[in-house]
Amino acid sequence: MKLVRKDLEKDNAGQVTLIPEEPEDMWHTYNLLQVGDSLRASTIRKVQTESATGSVGSNRIRTTLTLCVEAIDFDSQACQLRVKGTNIQENEYVKMGAYHTIELEPNRQFTLAKKQWDSVVLERIEQACDPAWSADVAAVVMQEGLAHVCLVTPSMTLTRAKVEVNIPRKRRGNCSQHDRALERFYEQVVQAIQRHINFEVVKCVLVASPGFVREQFCDYMFQQAVKTDNKLLMENRSKFLQVHSSSGHKYALKEALCDPAVTSRLSDTKAAGEVKALDDFYKMLQHEPDRAFYGLKHVEKANEAMAIDTLLISDELFRHQDVATRARYVKLVDSVRENMGTVRIFSSLHVSGEQLGQLTGVAAILRFPVAELSDQEDESSSEED
């Protein structure tokens, strides 16, 4: 993401002009946009024209519109973002108050104005414009007959290809059908890797599976690379890292990212930090439940006691339609930082973010034990009796 201009007032009202440069920047833009914001960008509008003879025709004209945002639609697989709203600035082709949908796309400038730029939104702009945040990882999660080729970017896990091949069972004295199907499966996975993984950007390719599937696949892939003189795979052989996972489904990627060998290799990526934080939370919940809280009420109670060491929060919560609710989450983040706590904002498109979403989207690891909120409520009710 490229920051062209930033004009903010003392009360944090103002506007920023940005140019999304990569598909992932569309995800950042989606998180910056909120209903009620003002968005200015170039768009194409179908305009009816009347000629001197009275015949009516229609032309598609490129024009710049300023909309008051009413609805935001994001397609995570295609990384396309559509913003619907009403025109709030005079335009020769579009009446004031007329509805229009702007499709934001990479390499096209837009200006976003807000009445209030909060700390979470400003931090996202900083991250999106910092090239160090784009340290990327690829993963192949597989089992016999099923593989998912994924890209793990700092903000989301994208499934780029799903390979499914029916593998017949081994029969006594005759394994040829099984072996042929397995070879066909491996070949399709290799093709998917070459098609969807950009080795110039990707630092590491995780190959995760149960049993010996990953070893057999990697042996096959590099043997074929030698036979066919595939320089791309041979030159990037050191980037492939084999790890265990329980299955070939996408959710098993979290286990692969938890592996200590992977964590050390990916220590500078945001994805690894998120996974480790969530793993630490689950361990704390198991061994010291008084130091692991989730749910907004419980986490706010812990924050009042200045007990939060690490706050885990989903970016989905900052897209809440209710301004007061959104402000409540922003206040929590700011307060934890003021109390010298660490804040980790999880992407809801990451496997770790999906899991945090099942825990209400907000959780905390505490510095010291705090009595459960339910226990305190029970005590106060018994005192009233």
# chains A, B, ... in the order shown; residues from 1 in each chain; ligands from 1
call {"tool": "select_by_dssp", "arguments": {"residues": "range 142-376 of chain A", "states": "strand (DSSP E or B)", "output": "PyMOL selection string"}}
result
chain A and resi 142-143+146-152+156-164+171+174+202-209+240-244+292-294+308-314+342-346+349+362-366
call {"tool": "write_last_selection", "arguments": {"atoms": "N, CA and C atoms", "output": "compact mmCIF listing (two decimals), in the first residue's frame"}}
result
# COMPACT_ATOMS: atom_id res chain seq x y z
N MET A 142 -1.54 -31.76 3.20
CA MET A 142 -1.97 -32.89 2.38
C MET A 142 -2.14 -34.19 3.16
N GLN A 143 -2.93 -35.08 2.56
CA GLN A 143 -3.05 -36.47 2.98
C GLN A 143 -3.24 -37.25 1.68
N LEU A 146 -5.84 -35.89 -1.05
CA LEU A 146 -6.36 -34.55 -0.80
C LEU A 146 -5.21 -33.60 -0.45
N ALA A 147 -5.18 -32.43 -1.11
CA ALA A 147 -4.15 -31.43 -0.79
C ALA A 147 -4.72 -30.04 -0.95
N HIS A 148 -4.30 -29.13 -0.06
CA HIS A 148 -4.64 -27.72 -0.17
C HIS A 148 -3.35 -26.92 -0.31
N VAL A 149 -3.26 -26.12 -1.38
CA VAL A 149 -2.11 -25.24 -1.56
C VAL A 149 -2.55 -23.85 -1.11
N CYS A 150 -1.91 -23.34 -0.06
CA CYS A 150 -2.34 -22.07 0.55
C CYS A 150 -1.22 -21.04 0.55
N LEU A 151 -1.61 -19.78 0.54
CA LEU A 151 -0.67 -18.68 0.77
C LEU A 151 -1.01 -18.07 2.12
N VAL A 152 -0.01 -17.99 3.00
CA VAL A 152 -0.23 -17.41 4.32
C VAL A 152 0.41 -16.03 4.30
N MET A 156 -4.05 -12.86 5.93
CA MET A 156 -5.05 -13.90 5.64
C MET A 156 -4.43 -15.18 5.11
N THR A 157 -5.20 -16.26 5.23
CA THR A 157 -4.81 -17.54 4.64
C THR A 157 -5.68 -17.75 3.40
N LEU A 158 -5.04 -17.76 2.25
CA LEU A 158 -5.78 -17.91 0.99
C LEU A 158 -5.57 -19.29 0.42
N THR A 159 -6.65 -20.02 0.15
CA THR A 159 -6.53 -21.32 -0.51
C THR A 159 -6.43 -21.06 -2.01
N ARG A 160 -5.28 -21.37 -2.57
CA ARG A 160 -5.06 -21.11 -3.99
C ARG A 160 -5.44 -22.31 -4.87
N ALA A 161 -5.34 -23.53 -4.31
CA ALA A 161 -5.73 -24.72 -5.10
C ALA A 161 -6.10 -25.86 -4.16
N LYS A 162 -7.10 -26.62 -4.59
CA LYS A 162 -7.49 -27.83 -3.85
C LYS A 162 -7.38 -28.99 -4.83
N VAL A 163 -6.58 -29.99 -4.47
CA VAL A 163 -6.37 -31.14 -5.36
C VAL A 163 -7.00 -32.37 -4.71
N GLU A 164 -7.92 -33.00 -5.44
CA GLU A 164 -8.56 -34.23 -4.94
C GLU A 164 -8.46 -35.32 -5.98
N ARG A 171 -4.10 -53.67 -2.95
CA ARG A 171 -4.63 -55.04 -2.92
C ARG A 171 -3.47 -56.02 -2.80
N ASN A 174 -1.12 -56.82 -5.70
CA ASN A 174 -1.28 -55.87 -6.81
C ASN A 174 -1.48 -54.45 -6.27
N VAL A 202 7.97 -15.72 -1.69
CA VAL A 202 7.79 -16.68 -0.60
C VAL A 202 9.13 -17.09 0.01
N LYS A 203 9.21 -16.99 1.34
CA LYS A 203 10.43 -17.35 2.06
C LYS A 203 10.51 -18.84 2.35
N CYS A 204 9.32 -19.43 2.56
CA CYS A 204 9.30 -20.79 3.06
C CYS A 204 8.02 -21.48 2.59
N VAL A 205 8.13 -22.76 2.20
CA VAL A 205 6.96 -23.55 1.80
C VAL A 205 6.84 -24.71 2.79
N LEU A 206 5.77 -24.68 3.59
CA LEU A 206 5.53 -25.78 4.54
C LEU A 206 4.85 -26.92 3.80
N VAL A 207 5.35 -28.13 3.98
CA VAL A 207 4.66 -29.32 3.44
C VAL A 207 4.23 -30.13 4.66
N ALA A 208 2.93 -30.14 4.93
CA ALA A 208 2.40 -30.75 6.15
C ALA A 208 1.48 -31.91 5.82
N SER A 209 1.62 -32.99 6.59
CA SER A 209 0.75 -34.17 6.36
C SER A 209 0.84 -35.11 7.55
N PHE A 240 11.67 -25.56 1.18
CA PHE A 240 10.64 -26.54 1.57
C PHE A 240 10.94 -27.09 2.96
N LEU A 241 9.93 -27.04 3.83
CA LEU A 241 10.09 -27.50 5.20
C LEU A 241 8.97 -28.49 5.51
N GLN A 242 9.36 -29.71 5.91
CA GLN A 242 8.36 -30.76 6.17
C GLN A 242 7.94 -30.74 7.65
N VAL A 243 6.63 -30.72 7.89
CA VAL A 243 6.11 -30.73 9.27
C VAL A 243 4.90 -31.66 9.37
N HIS A 244 4.57 -32.01 10.59
CA HIS A 244 3.42 -32.92 10.80
C HIS A 244 2.11 -32.13 10.88
N ALA A 292 -6.33 -16.77 32.19
CA ALA A 292 -6.74 -16.79 30.77
C ALA A 292 -8.23 -16.47 30.70
N PHE A 293 -8.56 -15.29 30.20
CA PHE A 293 -9.96 -14.85 30.11
C PHE A 293 -10.36 -14.67 28.65
N TYR A 294 -11.63 -14.92 28.35
CA TYR A 294 -12.16 -14.57 27.03
C TYR A 294 -13.60 -14.07 27.19
N ILE A 308 -3.80 -7.38 32.26
CA ILE A 308 -3.61 -7.98 30.93
C ILE A 308 -2.16 -7.85 30.45
N ASP A 309 -1.56 -9.01 30.18
CA ASP A 309 -0.20 -9.04 29.62
C ASP A 309 -0.28 -9.05 28.09
N THR A 310 -1.15 -9.92 27.53
CA THR A 310 -1.34 -9.99 26.07
C THR A 310 -2.83 -10.02 25.74
N LEU A 311 -3.26 -9.08 24.91
CA LEU A 311 -4.65 -9.05 24.45
C LEU A 311 -4.71 -9.64 23.05
N LEU A 312 -5.61 -10.60 22.84
CA LEU A 312 -5.83 -11.21 21.53
C LEU A 312 -7.20 -10.75 21.05
N ILE A 313 -7.24 -10.07 19.92
CA ILE A 313 -8.52 -9.53 19.47
C ILE A 313 -8.66 -9.65 17.96
N SER A 314 -9.84 -10.00 17.49
CA SER A 314 -10.08 -10.20 16.05
C SER A 314 -10.40 -8.88 15.37
N THR A 342 0.71 -6.15 25.66
CA THR A 342 0.91 -6.39 24.23
C THR A 342 -0.45 -6.62 23.59
N VAL A 343 -0.68 -6.04 22.43
CA VAL A 343 -1.96 -6.25 21.71
C VAL A 343 -1.67 -6.96 20.39
N ARG A 344 -2.36 -8.06 20.18
CA ARG A 344 -2.24 -8.78 18.90
C ARG A 344 -3.60 -8.76 18.21
N ILE A 345 -3.66 -8.06 17.07
CA ILE A 345 -4.92 -7.99 16.31
C ILE A 345 -4.89 -9.10 15.27
N PHE A 346 -5.78 -10.08 15.43
CA PHE A 346 -5.82 -11.25 14.55
C PHE A 346 -6.67 -10.97 13.31
N LEU A 349 -9.43 -13.73 8.57
CA LEU A 349 -9.22 -14.62 7.41
C LEU A 349 -8.07 -15.59 7.62
N VAL A 362 -12.35 -12.08 21.37
CA VAL A 362 -11.48 -11.32 22.28
C VAL A 362 -11.07 -12.22 23.46
N ALA A 363 -9.75 -12.26 23.72
CA ALA A 363 -9.22 -13.10 24.80
C ALA A 363 -7.99 -12.40 25.38
N ALA A 364 -7.58 -12.84 26.57
CA ALA A 364 -6.42 -12.19 27.20
C ALA A 364 -5.63 -13.18 28.05
N ILE A 365 -4.30 -13.03 27.99
CA ILE A 365 -3.40 -13.76 28.90
C ILE A 365 -3.02 -12.74 29.97
N LEU A 366 -3.23 -13.13 31.25
CA LEU A 366 -3.05 -12.17 32.35
C LEU A 366 -1.68 -12.29 33.02
call {"tool": "residues_around", "arguments": {"residues": "range 111-126 of chain A", "least_positions_apart": "5", "cutoff": "7 Å", "atoms": "only C-alpha atoms", "output": "VMD selection string"}}
result
chain A and resid 12 to 18 32 37 to 41 330
call {"tool": "closest_residue", "arguments": {"among": "A:Thr29, A:Thr263, A:Gln321, A:Gln216", "to": "Gln80 in chain A", "atoms": "only C-alpha atoms"}}
result
A:Thr29
call {"tool": "atom_distance", "arguments": {"atom1": "CA of His178 in chain A", "atom2": "CA of Leu232 in chain A"}}
result
28.9 Å
call {"tool": "closest_residue", "arguments": {"among": "A:Leu67, A:Leu182, A:Ile102, A:Leu257", "to": "Ser245 in chain A", "atoms": "only C-alpha atoms"}}
result
A:Leu257
